[in-house]
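What follows is a set of notes on a single structure, which appears directly below.
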Amino acid sequence: MTDSLIADSADRLMAEVVTPAAVRGLKDRASAAPVWMQLAESGFLDALVAEAQGGAGLSAAETLPVLLAAGRHALPLPLAATMAARTAIAAARETIPEGIIAIAAAARADDGALVAQVPAGEFADMVLVPDGDGAILLAADAAHREATGEGTFCRMRWRAANGPRLPGFDALLCGARIETAEMVGAMEALCATTLRYANDRAQFGKPIGKFQAVQQQLAVMTELVHGARAAAHLAAAAPGSMEAVAAAKVTIGEGAMEVAAIAHAVHGAIGMTEELDLHLLSDRLRRGRLRYGSEPYWAERLGRAVLAAPDATLLDFVRTRVFF
């Protein structure tokens, strides 16, 4: 019942606030302010924060519907990252800042400065940046920002890295789990949009969805979406498991590529036009595949974990490390 209430609330919120027109207008913090205000007022930002600290105390699995809804509407703002960051900050007994918090995918020292790749960094007020075995919270205004990769991430450079430190926070793992969940939402929306179009678009006197070749592609798309959703559920059930998150990032990333290709193929020529909302979803999948490690990166980490597992078959590994 709780999952249903959260899912319904998240879907209504996104439908009202995160319209295609609104998404196209989100370019920076100024343009994001009206949308973010309504998202913040929903109460979802502290859904993961412990009840003793003023939050709802929900688990990652219980808040998965929020991430799926954000993905279905191609929300470019780091809502889920802010939820995760606020939870980690509260757990570290630090003061939770107001505004949008992004999570950096990687960071390195460069000529005395700290340089980080930050998905959705162009919208951020604060950024959680990897720092050894934890992360450090930095003000976005203190950094020089440079958008790269057609919106994939923002390169941010701090001359001085001064801020609260959150020991034990794995920014890459957390970011990868978030991306996979939102990608599944985008895949679901692509599938639903494509099914509607196939039933509405007539050719040779009948809907194109009645042709066997198209039906076969729609069946493949549906299978990939259901598999992706199952992988996202496994990762949400074990948010600290590298193996579960890696399996989800690989499975969902590979599935997303094929789902997007089928969606555009079924739409035909109209699928090539930028005005079609389909592009918002397929672009969300493109960015998601590249953020917080690509499929080859996570496949290698997963493979190394399999090889390092003592006295176990691959089936045993999957049962104990991926399925919970």
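We label chains A, B, ... in the order they appear in the structure tokens, count residues from 1 in each chain, and number ligands from 1 in the order shown.
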
Listing only residues of stretch 108-221 of chain A within 9 Å of stretch 270-279 of chain A, what is the closest atom pair and its distance in Å (to one decimal) for each, using only C-alpha atoms, sorted by chain and residue number ascending, as CSV?
```
residue,atom,partner,partner_atom,distance
A:Ala189,CA,A:Leu278,CA,8.8
A:Leu190,CA,A:Leu278,CA,6.8
A:Thr193,CA,A:Leu278,CA,7.8
A:Thr194,CA,A:Leu278,CA,8.8
```

Tell me which protein, DNA and RNA residues are within 12 Å of A:His226, counting only C-alpha atoms, leaving out same-chain ones fewer than 3 positions away, and put them as a compact mmCIF listing (two decimals) with N, CA, C and O atoms, in the first residue's frame.
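Result saved to around_32.txt:
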```
# COMPACT_ATOMS: atom_id res chain seq x y z
N VAL A 184 15.48 3.36 -15.97
CA VAL A 184 14.36 2.42 -16.12
C VAL A 184 13.06 3.19 -16.32
O VAL A 184 12.22 2.82 -17.14
N GLY A 185 12.88 4.28 -15.57
CA GLY A 185 11.69 5.10 -15.76
C GLY A 185 11.60 5.63 -17.18
O GLY A 185 10.52 5.62 -17.79
N MET A 187 12.97 4.28 -19.82
CA MET A 187 12.69 3.13 -20.69
C MET A 187 11.21 2.78 -20.68
O MET A 187 10.61 2.46 -21.71
N GLU A 188 10.59 2.83 -19.50
CA GLU A 188 9.16 2.55 -19.39
C GLU A 188 8.35 3.55 -20.20
O GLU A 188 7.39 3.18 -20.91
N CYS A 191 8.72 2.91 -23.92
CA CYS A 191 7.93 1.73 -24.30
C CYS A 191 6.45 2.10 -24.42
O CYS A 191 5.79 1.76 -25.41
N ALA A 219 7.73 -6.61 -28.68
CA ALA A 219 7.90 -7.67 -27.68
C ALA A 219 9.30 -7.64 -27.08
O ALA A 219 9.48 -7.80 -25.86
N VAL A 220 10.30 -7.42 -27.93
CA VAL A 220 11.69 -7.32 -27.45
C VAL A 220 11.82 -6.13 -26.50
O VAL A 220 12.44 -6.22 -25.43
N MET A 221 11.24 -5.00 -26.88
CA MET A 221 11.30 -3.80 -26.05
C MET A 221 10.67 -4.05 -24.68
O MET A 221 11.24 -3.70 -23.64
N THR A 222 9.50 -4.67 -24.68
CA THR A 222 8.80 -4.95 -23.42
C THR A 222 9.62 -5.87 -22.52
O THR A 222 9.71 -5.65 -21.31
N GLU A 223 10.23 -6.88 -23.12
CA GLU A 223 11.06 -7.81 -22.35
C GLU A 223 12.24 -7.09 -21.72
O GLU A 223 12.57 -7.30 -20.55
N ARG A 229 13.69 -3.26 -15.07
CA ARG A 229 13.00 -2.91 -13.82
C ARG A 229 13.37 -3.90 -12.71
O ARG A 229 13.57 -3.50 -11.55
N ALA A 230 13.47 -5.17 -13.05
CA ALA A 230 13.87 -6.16 -12.05
C ALA A 230 15.27 -5.87 -11.52
O ALA A 230 15.53 -5.96 -10.32
N ALA A 231 16.18 -5.47 -12.42
CA ALA A 231 17.55 -5.15 -12.01
C ALA A 231 17.57 -3.93 -11.09
O ALA A 231 18.32 -3.87 -10.12
N ALA A 232 16.73 -2.93 -11.40
CA ALA A 232 16.67 -1.73 -10.57
C ALA A 232 16.13 -2.07 -9.18
O ALA A 232 16.60 -1.52 -8.17
N HIS A 233 15.16 -2.98 -9.10
CA HIS A 233 14.62 -3.39 -7.81
C HIS A 233 15.69 -4.10 -6.97
O HIS A 233 15.78 -3.89 -5.76
N THR A 251 23.11 -4.30 -17.07
CA THR A 251 21.86 -4.78 -17.65
C THR A 251 21.02 -3.64 -18.21
O THR A 251 20.52 -3.70 -19.34
N ILE A 252 20.86 -2.60 -17.42
CA ILE A 252 20.00 -1.49 -17.81
C ILE A 252 20.65 -0.66 -18.92
O ILE A 252 19.98 -0.21 -19.85
N GLY A 255 20.31 -2.63 -22.14
CA GLY A 255 18.91 -2.65 -22.55
C GLY A 255 18.44 -1.30 -23.04
O GLY A 255 17.65 -1.21 -23.99
N ALA A 256 18.91 -0.23 -22.41
CA ALA A 256 18.50 1.12 -22.79
C ALA A 256 18.88 1.43 -24.23
O ALA A 256 18.11 2.07 -24.96
N VAL A 259 16.36 -0.42 -26.46
CA VAL A 259 15.01 0.13 -26.33
C VAL A 259 14.89 1.45 -27.09
O VAL A 259 13.90 1.70 -27.80
```

In Å to one decimal, how far is atom CA of A:Gly54 from atom CA of A:Leu68?
-> 24.3 Å

Name the residues in contact with A:Val35 at a cut-off of 9 Å, using only C-alpha atoms, excluding same-chain residues fewer than 2 positions from it; report them as a list in words.
-> Val17, Val18, Ala22, Leu26, Ser31, Ala32, Ala33, Met37, Gln38, Leu39 and Ala40 of chain A

Could you give me, as a PyMOL selection string, each residue of stretch 74-311 of chain A that DSSP assigns to helix (DSSP H, G or I) when run on this structure's backbone?
-> chain A and resi 79-91+121-123+140-142+149-151+171-200+208-210+212-237+242-272+278-290+295-308

Would you mind listing what lies within 12 Å of A:Gly303 as a ChimeraX atom specification, with only C-alpha atoms counted and same-chain residues fewer than 6 positions away left out?
-> /A:242-243,246-247,250,295-297,309,314,317-318

Keeping only all heavy atoms, write the selected residues to a file as a PDB file, in the first residue's frame.
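The result, written out as again.pdb:
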```
ATOM      1  N   MET A 242      27.996  -3.509  -4.265  1.00  0.00           N
ATOM      2  CA  MET A 242      28.629  -3.207  -5.542  1.00  0.00           C
ATOM      3  C   MET A 242      28.145  -4.163  -6.619  1.00  0.00           C
ATOM      4  O   MET A 242      27.890  -3.772  -7.762  1.00  0.00           O
ATOM      5  CB  MET A 242      30.147  -3.287  -5.404  1.00  0.00           C
ATOM      6  CG  MET A 242      30.922  -2.875  -6.666  1.00  0.00           C
ATOM      7  SD  MET A 242      30.994  -4.105  -8.013  1.00  0.00           S
ATOM      8  CE  MET A 242      31.999  -5.373  -7.254  1.00  0.00           C
ATOM      9  N   GLU A 243      28.008  -5.446  -6.251  1.00  0.00           N
ATOM     10  CA  GLU A 243      27.625  -6.454  -7.240  1.00  0.00           C
ATOM     11  C   GLU A 243      26.223  -6.201  -7.794  1.00  0.00           C
ATOM     12  O   GLU A 243      25.994  -6.298  -9.000  1.00  0.00           O
ATOM     13  CB  GLU A 243      27.708  -7.851  -6.622  1.00  0.00           C
ATOM     14  CG  GLU A 243      29.119  -8.292  -6.261  1.00  0.00           C
ATOM     15  CD  GLU A 243      29.580  -7.806  -4.895  1.00  0.00           C
ATOM     16  OE1 GLU A 243      28.808  -7.064  -4.230  1.00  0.00           O
ATOM     17  OE2 GLU A 243      30.706  -8.139  -4.484  1.00  0.00           O
ATOM     18  N   ALA A 246      26.344  -2.966  -9.899  1.00  0.00           N
ATOM     19  CA  ALA A 246      27.074  -3.200 -11.142  1.00  0.00           C
ATOM     20  C   ALA A 246      26.232  -4.003 -12.132  1.00  0.00           C
ATOM     21  O   ALA A 246      26.178  -3.687 -13.324  1.00  0.00           O
ATOM     22  CB  ALA A 246      28.382  -3.935 -10.854  1.00  0.00           C
ATOM     23  N   ALA A 247      25.572  -5.044 -11.635  1.00  0.00           N
ATOM     24  CA  ALA A 247      24.712  -5.852 -12.501  1.00  0.00           C
ATOM     25  C   ALA A 247      23.592  -5.007 -13.091  1.00  0.00           C
ATOM     26  O   ALA A 247      23.237  -5.148 -14.269  1.00  0.00           O
ATOM     27  CB  ALA A 247      24.130  -7.029 -11.717  1.00  0.00           C
ATOM     28  N   VAL A 250      25.009  -2.555 -15.848  1.00  0.00           N
ATOM     29  CA  VAL A 250      25.303  -3.248 -17.098  1.00  0.00           C
ATOM     30  C   VAL A 250      24.007  -3.652 -17.806  1.00  0.00           C
ATOM     31  O   VAL A 250      23.817  -3.384 -19.005  1.00  0.00           O
ATOM     32  CB  VAL A 250      26.181  -4.484 -16.841  1.00  0.00           C
ATOM     33  CG1 VAL A 250      26.356  -5.295 -18.123  1.00  0.00           C
ATOM     34  CG2 VAL A 250      27.548  -4.068 -16.291  1.00  0.00           C
ATOM     35  N   GLU A 295      28.896   0.752 -19.040  1.00  0.00           N
ATOM     36  CA  GLU A 295      28.710  -0.698 -18.889  1.00  0.00           C
ATOM     37  C   GLU A 295      30.038  -1.467 -18.843  1.00  0.00           C
ATOM     38  O   GLU A 295      30.185  -2.360 -17.997  1.00  0.00           O
ATOM     39  CB  GLU A 295      27.849  -1.253 -20.024  1.00  0.00           C
ATOM     40  CG  GLU A 295      26.428  -0.739 -20.047  1.00  0.00           C
ATOM     41  CD  GLU A 295      26.222   0.333 -21.080  1.00  0.00           C
ATOM     42  OE1 GLU A 295      26.291   0.044 -22.286  1.00  0.00           O
ATOM     43  OE2 GLU A 295      25.989   1.485 -20.674  1.00  0.00           O
ATOM     44  N   PRO A 296      31.021  -1.157 -19.705  1.00  0.00           N
ATOM     45  CA  PRO A 296      32.297  -1.887 -19.619  1.00  0.00           C
ATOM     46  C   PRO A 296      32.997  -1.711 -18.276  1.00  0.00           C
ATOM     47  O   PRO A 296      33.601  -2.653 -17.753  1.00  0.00           O
ATOM     48  CB  PRO A 296      33.127  -1.285 -20.764  1.00  0.00           C
ATOM     49  CG  PRO A 296      32.111  -0.821 -21.753  1.00  0.00           C
ATOM     50  CD  PRO A 296      30.970  -0.316 -20.928  1.00  0.00           C
ATOM     51  N   TYR A 297      32.923  -0.517 -17.715  1.00  0.00           N
ATOM     52  CA  TYR A 297      33.560  -0.275 -16.411  1.00  0.00           C
ATOM     53  C   TYR A 297      32.951  -1.176 -15.345  1.00  0.00           C
ATOM     54  O   TYR A 297      33.667  -1.852 -14.593  1.00  0.00           O
ATOM     55  CB  TYR A 297      33.402   1.195 -16.018  1.00  0.00           C
ATOM     56  CG  TYR A 297      33.777   1.462 -14.569  1.00  0.00           C
ATOM     57  CD1 TYR A 297      35.106   1.626 -14.196  1.00  0.00           C
ATOM     58  CD2 TYR A 297      32.795   1.530 -13.576  1.00  0.00           C
ATOM     59  CE1 TYR A 297      35.458   1.852 -12.867  1.00  0.00           C
ATOM     60  CE2 TYR A 297      33.142   1.755 -12.252  1.00  0.00           C
ATOM     61  CZ  TYR A 297      34.473   1.909 -11.898  1.00  0.00           C
ATOM     62  OH  TYR A 297      34.804   2.120 -10.586  1.00  0.00           O
ATOM     63  N   ALA A 309      35.894 -14.386  -5.898  1.00  0.00           N
ATOM     64  CA  ALA A 309      35.036 -15.087  -4.939  1.00  0.00           C
ATOM     65  C   ALA A 309      35.616 -16.466  -4.642  1.00  0.00           C
ATOM     66  O   ALA A 309      35.901 -17.240  -5.562  1.00  0.00           O
ATOM     67  CB  ALA A 309      33.622 -15.216  -5.504  1.00  0.00           C
ATOM     68  N   LEU A 314      29.493 -19.627 -10.377  1.00  0.00           N
ATOM     69  CA  LEU A 314      28.880 -18.377 -10.797  1.00  0.00           C
ATOM     70  C   LEU A 314      27.452 -18.278 -10.257  1.00  0.00           C
ATOM     71  O   LEU A 314      27.013 -17.204  -9.829  1.00  0.00           O
ATOM     72  CB  LEU A 314      28.871 -18.280 -12.324  1.00  0.00           C
ATOM     73  CG  LEU A 314      28.249 -17.018 -12.925  1.00  0.00           C
ATOM     74  CD1 LEU A 314      28.944 -15.769 -12.415  1.00  0.00           C
ATOM     75  CD2 LEU A 314      28.300 -17.078 -14.447  1.00  0.00           C
ATOM     76  N   PHE A 317      27.546 -17.238  -6.718  1.00  0.00           N
ATOM     77  CA  PHE A 317      27.895 -15.816  -6.636  1.00  0.00           C
ATOM     78  C   PHE A 317      26.657 -14.954  -6.860  1.00  0.00           C
ATOM     79  O   PHE A 317      26.393 -14.015  -6.106  1.00  0.00           O
ATOM     80  CB  PHE A 317      28.964 -15.478  -7.677  1.00  0.00           C
ATOM     81  CG  PHE A 317      29.375 -14.034  -7.684  1.00  0.00           C
ATOM     82  CD1 PHE A 317      30.408 -13.586  -6.868  1.00  0.00           C
ATOM     83  CD2 PHE A 317      28.730 -13.119  -8.509  1.00  0.00           C
ATOM     84  CE1 PHE A 317      30.779 -12.244  -6.873  1.00  0.00           C
ATOM     85  CE2 PHE A 317      29.103 -11.782  -8.506  1.00  0.00           C
ATOM     86  CZ  PHE A 317      30.127 -11.351  -7.697  1.00  0.00           C
ATOM     87  N   VAL A 318      25.907 -15.272  -7.898  1.00  0.00           N
ATOM     88  CA  VAL A 318      24.708 -14.489  -8.205  1.00  0.00           C
ATOM     89  C   VAL A 318      23.692 -14.581  -7.078  1.00  0.00           C
ATOM     90  O   VAL A 318      23.084 -13.584  -6.667  1.00  0.00           O
ATOM     91  CB  VAL A 318      24.089 -14.961  -9.532  1.00  0.00           C
ATOM     92  CG1 VAL A 318      22.744 -14.302  -9.770  1.00  0.00           C
ATOM     93  CG2 VAL A 318      25.030 -14.657 -10.694  1.00  0.00           C
TER      94      VAL A 318
END
```

Could you give me, as a Markdown table, a per-residue list for stretch 194-295 of chain A showing, wherever an atom lies at most 8 Å from an atom of stretch 135-152 of chain A, the closest pair of atoms and their distance in Å to one decimal, using only C-alpha atoms and sorting by chain then residue number from low to high?
```
| residue | atom | partner | partner_atom | distance |
| --- | --- | --- | --- | --- |
| A:Arg287 | CA | A:Thr152 | CA | 5.0 |
| A:Gly288 | CA | A:Thr152 | CA | 7.8 |
| A:Leu290 | CA | A:Thr152 | CA | 7.0 |
| A:Arg291 | CA | A:Thr152 | CA | 6.8 |
```

Output file for the selection above: N, CA and C atoms, as a compact mmCIF listing (two decimals), in the first residue's frame:
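Dumped to out18.txt:
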```txt
# COMPACT_ATOMS: atom_id res chain seq x y z
N ARG A 287 22.60 9.98 -21.54
CA ARG A 287 23.36 10.56 -20.44
C ARG A 287 23.52 9.55 -19.30
N GLY A 288 22.47 8.79 -19.04
CA GLY A 288 22.54 7.82 -17.96
C GLY A 288 23.57 6.74 -18.19
N LEU A 290 26.38 7.04 -19.68
CA LEU A 290 27.73 7.57 -19.57
C LEU A 290 28.08 8.03 -18.15
N ARG A 291 27.06 8.29 -17.35
CA ARG A 291 27.31 8.81 -16.01
C ARG A 291 27.65 7.70 -15.02
```

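Residue neighbourhood of A:Leu166, excluding near-sequence residues (fewer than 5 positions): Ala85, Arg86, Thr87, Ala88, Ile89, Ala90, Ala91, Ala92, Arg93, Glu94, Thr95, Leu128, Val129, Pro130, Asp131, Gly132, Asp133, Gly134, Ala135, Ile136, Leu137, Leu138 and Ala171 of chain A, at 12 Å, using only C-alpha atoms.
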
All heavy atoms of the current selection, written as a short mmCIF file (atom, residue, chain, number, x, y, z; two decimals), in the first residue's frame:
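And here is the file that came out, selection_27.cif:
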```cif
data_model
loop_
_atom_site.label_atom_id
_atom_site.label_comp_id
_atom_site.auth_asym_id
_atom_site.auth_seq_id
_atom_site.Cartn_x
_atom_site.Cartn_y
_atom_site.Cartn_z
N ALA A 85 22.01 12.63 -0.87
CA ALA A 85 22.99 13.48 -0.21
C ALA A 85 22.48 14.00 1.13
O ALA A 85 23.21 14.01 2.13
CB ALA A 85 23.34 14.66 -1.12
N ARG A 86 21.23 14.43 1.17
CA ARG A 86 20.66 14.92 2.43
C ARG A 86 20.66 13.83 3.49
O ARG A 86 20.89 14.10 4.68
CB ARG A 86 19.24 15.45 2.18
CG ARG A 86 19.19 16.74 1.38
CD ARG A 86 17.75 17.16 1.07
NE ARG A 86 17.03 17.56 2.26
CZ ARG A 86 17.00 18.80 2.74
NH1 ARG A 86 17.68 19.76 2.13
NH2 ARG A 86 16.32 19.09 3.84
N THR A 87 20.41 12.61 3.06
CA THR A 87 20.41 11.48 4.00
C THR A 87 21.81 11.24 4.56
O THR A 87 21.99 11.04 5.77
CB THR A 87 19.92 10.21 3.29
OG1 THR A 87 18.64 10.46 2.72
CG2 THR A 87 19.83 9.05 4.26
N ALA A 88 22.82 11.27 3.68
CA ALA A 88 24.20 11.04 4.12
C ALA A 88 24.68 12.17 5.03
O ALA A 88 25.40 11.94 6.01
CB ALA A 88 25.11 10.91 2.91
N ILE A 89 24.29 13.40 4.70
CA ILE A 89 24.70 14.55 5.51
C ILE A 89 24.07 14.47 6.89
O ILE A 89 24.73 14.73 7.91
CB ILE A 89 24.31 15.86 4.80
CG1 ILE A 89 25.12 16.01 3.50
CG2 ILE A 89 24.56 17.06 5.71
CD1 ILE A 89 24.60 17.09 2.58
N ALA A 90 22.79 14.11 6.93
CA ALA A 90 22.11 13.98 8.22
C ALA A 90 22.73 12.87 9.06
O ALA A 90 22.91 13.02 10.27
CB ALA A 90 20.62 13.71 8.00
N ALA A 91 23.08 11.75 8.41
CA ALA A 91 23.68 10.63 9.12
C ALA A 91 25.04 11.00 9.70
O ALA A 91 25.45 10.45 10.73
CB ALA A 91 23.81 9.43 8.19
N ALA A 92 25.74 11.92 9.04
CA ALA A 92 27.05 12.37 9.52
C ALA A 92 26.93 13.47 10.57
O ALA A 92 27.94 14.02 11.02
CB ALA A 92 27.89 12.87 8.35
N ARG A 93 25.71 13.80 10.96
CA ARG A 93 25.42 14.82 11.98
C ARG A 93 25.89 16.21 11.54
O ARG A 93 26.27 17.05 12.37
CB ARG A 93 26.08 14.47 13.32
CG ARG A 93 25.70 13.09 13.85
CD ARG A 93 24.22 13.02 14.19
NE ARG A 93 23.84 11.69 14.68
CZ ARG A 93 22.59 11.35 15.00
NH1 ARG A 93 21.62 12.22 14.87
NH2 ARG A 93 22.34 10.13 15.43
N GLU A 94 25.84 16.44 10.23
CA GLU A 94 26.16 17.76 9.70
C GLU A 94 24.86 18.50 9.35
O GLU A 94 23.81 17.88 9.20
CB GLU A 94 27.03 17.63 8.43
CG GLU A 94 28.37 16.95 8.64
CD GLU A 94 29.36 17.82 9.39
OE1 GLU A 94 29.09 19.03 9.58
OE2 GLU A 94 30.42 17.31 9.80
N THR A 95 24.95 19.80 9.24
CA THR A 95 23.78 20.61 8.89
C THR A 95 23.43 20.42 7.42
O THR A 95 24.30 20.58 6.55
CB THR A 95 24.05 22.10 9.16
OG1 THR A 95 24.37 22.28 10.54
CG2 THR A 95 22.83 22.93 8.81
N LEU A 128 28.54 16.93 -3.58
CA LEU A 128 29.27 15.92 -2.82
C LEU A 128 30.35 15.35 -3.73
O LEU A 128 30.03 14.74 -4.76
CB LEU A 128 28.32 14.81 -2.35
CG LEU A 128 27.71 14.95 -0.96
CD1 LEU A 128 26.82 13.74 -0.67
CD2 LEU A 128 28.78 15.05 0.11
N VAL A 129 31.59 15.53 -3.35
CA VAL A 129 32.73 15.14 -4.20
C VAL A 129 33.50 14.00 -3.54
O VAL A 129 33.79 14.05 -2.34
CB VAL A 129 33.68 16.34 -4.41
CG1 VAL A 129 34.83 15.96 -5.33
CG2 VAL A 129 32.90 17.52 -5.00
N PRO A 130 33.81 12.93 -4.29
CA PRO A 130 34.59 11.82 -3.72
C PRO A 130 35.88 12.33 -3.09
O PRO A 130 36.58 13.16 -3.66
CB PRO A 130 34.88 10.94 -4.94
CG PRO A 130 33.79 11.24 -5.91
CD PRO A 130 33.49 12.70 -5.71
N ASP A 131 36.19 11.80 -1.91
CA ASP A 131 37.38 12.21 -1.18
C ASP A 131 37.90 11.03 -0.37
O ASP A 131 37.43 10.76 0.73
CB ASP A 131 37.04 13.39 -0.25
CG ASP A 131 38.25 13.85 0.56
OD1 ASP A 131 39.34 13.98 -0.02
OD2 ASP A 131 38.09 14.05 1.78
N GLY A 132 38.84 10.29 -0.94
CA GLY A 132 39.36 9.11 -0.27
C GLY A 132 38.29 8.07 -0.09
O GLY A 132 37.64 7.65 -1.04
N ASP A 133 38.07 7.64 1.17
CA ASP A 133 37.05 6.63 1.45
C ASP A 133 35.71 7.27 1.82
O ASP A 133 34.87 6.65 2.45
CB ASP A 133 37.51 5.71 2.59
CG ASP A 133 37.72 6.46 3.89
OD1 ASP A 133 37.73 7.72 3.87
OD2 ASP A 133 37.87 5.80 4.93
N GLY A 134 35.51 8.51 1.42
CA GLY A 134 34.26 9.21 1.70
C GLY A 134 34.00 10.28 0.68
O GLY A 134 34.34 10.15 -0.50
N ALA A 135 33.37 11.36 1.11
CA ALA A 135 33.07 12.47 0.23
C ALA A 135 33.13 13.77 1.02
O ALA A 135 33.02 13.77 2.26
CB ALA A 135 31.69 12.30 -0.40
N ILE A 136 33.31 14.86 0.31
CA ILE A 136 33.36 16.16 0.93
C ILE A 136 32.30 17.05 0.28
O ILE A 136 32.08 16.98 -0.93
CB ILE A 136 34.77 16.79 0.80
CG1 ILE A 136 34.86 18.08 1.59
CG2 ILE A 136 35.16 17.00 -0.65
CD1 ILE A 136 36.27 18.63 1.72
N LEU A 137 31.62 17.84 1.09
CA LEU A 137 30.53 18.70 0.60
C LEU A 137 31.09 20.09 0.30
O LEU A 137 31.59 20.77 1.20
CB LEU A 137 29.43 18.78 1.66
CG LEU A 137 28.16 19.56 1.27
CD1 LEU A 137 27.44 18.89 0.11
CD2 LEU A 137 27.24 19.69 2.48
N LEU A 138 30.95 20.49 -0.97
CA LEU A 138 31.52 21.76 -1.41
C LEU A 138 30.44 22.65 -2.02
O LEU A 138 29.48 22.16 -2.62
CB LEU A 138 32.61 21.52 -2.44
CG LEU A 138 33.80 20.66 -2.00
CD1 LEU A 138 34.75 20.43 -3.17
CD2 LEU A 138 34.53 21.31 -0.83
N ALA A 171 30.32 7.82 -3.49
CA ALA A 171 29.60 8.65 -4.45
C ALA A 171 29.35 7.92 -5.77
O ALA A 171 28.26 8.04 -6.36
CB ALA A 171 30.39 9.94 -4.72
#
```

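The coordinates place atom CA of A:Ala244 at 15.9 Å from atom CA of A:Leu307.
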
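Nearest residue to A:Gly71, choosing from A:Ala202, A:Ala192, A:Leu315, A:Ile178 and counting only C-alpha atoms: A:Ile178.
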
Can you tell me, as a VMD selection string, what residues are no more than 6 Å from A:Leu48 when counting only C-alpha atoms, ignoring any on the same chain fewer than 2 positions away?
-> chain A and resid 46 57 to 58 87

Every residue of stretch 70-248 of chain A that DSSP places in strand (DSSP E or B), as a PyMOL selection string = chain A and resi 101-103+106-110+113-118+126-131+134-139+143-148+153-158+165-167+202-203+206-207

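Atom to atom, atom CA of A:Leu224 and atom CA of A:Ala236 stand 18.3 Å apart.
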
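Residue nearest A:Ala238 within the list A:Cys174, A:Ala105, A:Glu51, A:Arg165: A:Cys174 [criterion: smallest interatomic distance, only C-alpha atoms].
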
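Proximity of A:Lys249, A:Ser282, A:Ile262, A:Leu172 to A:Val214, computed with only C-alpha atoms, is greatest for A:Ile262.
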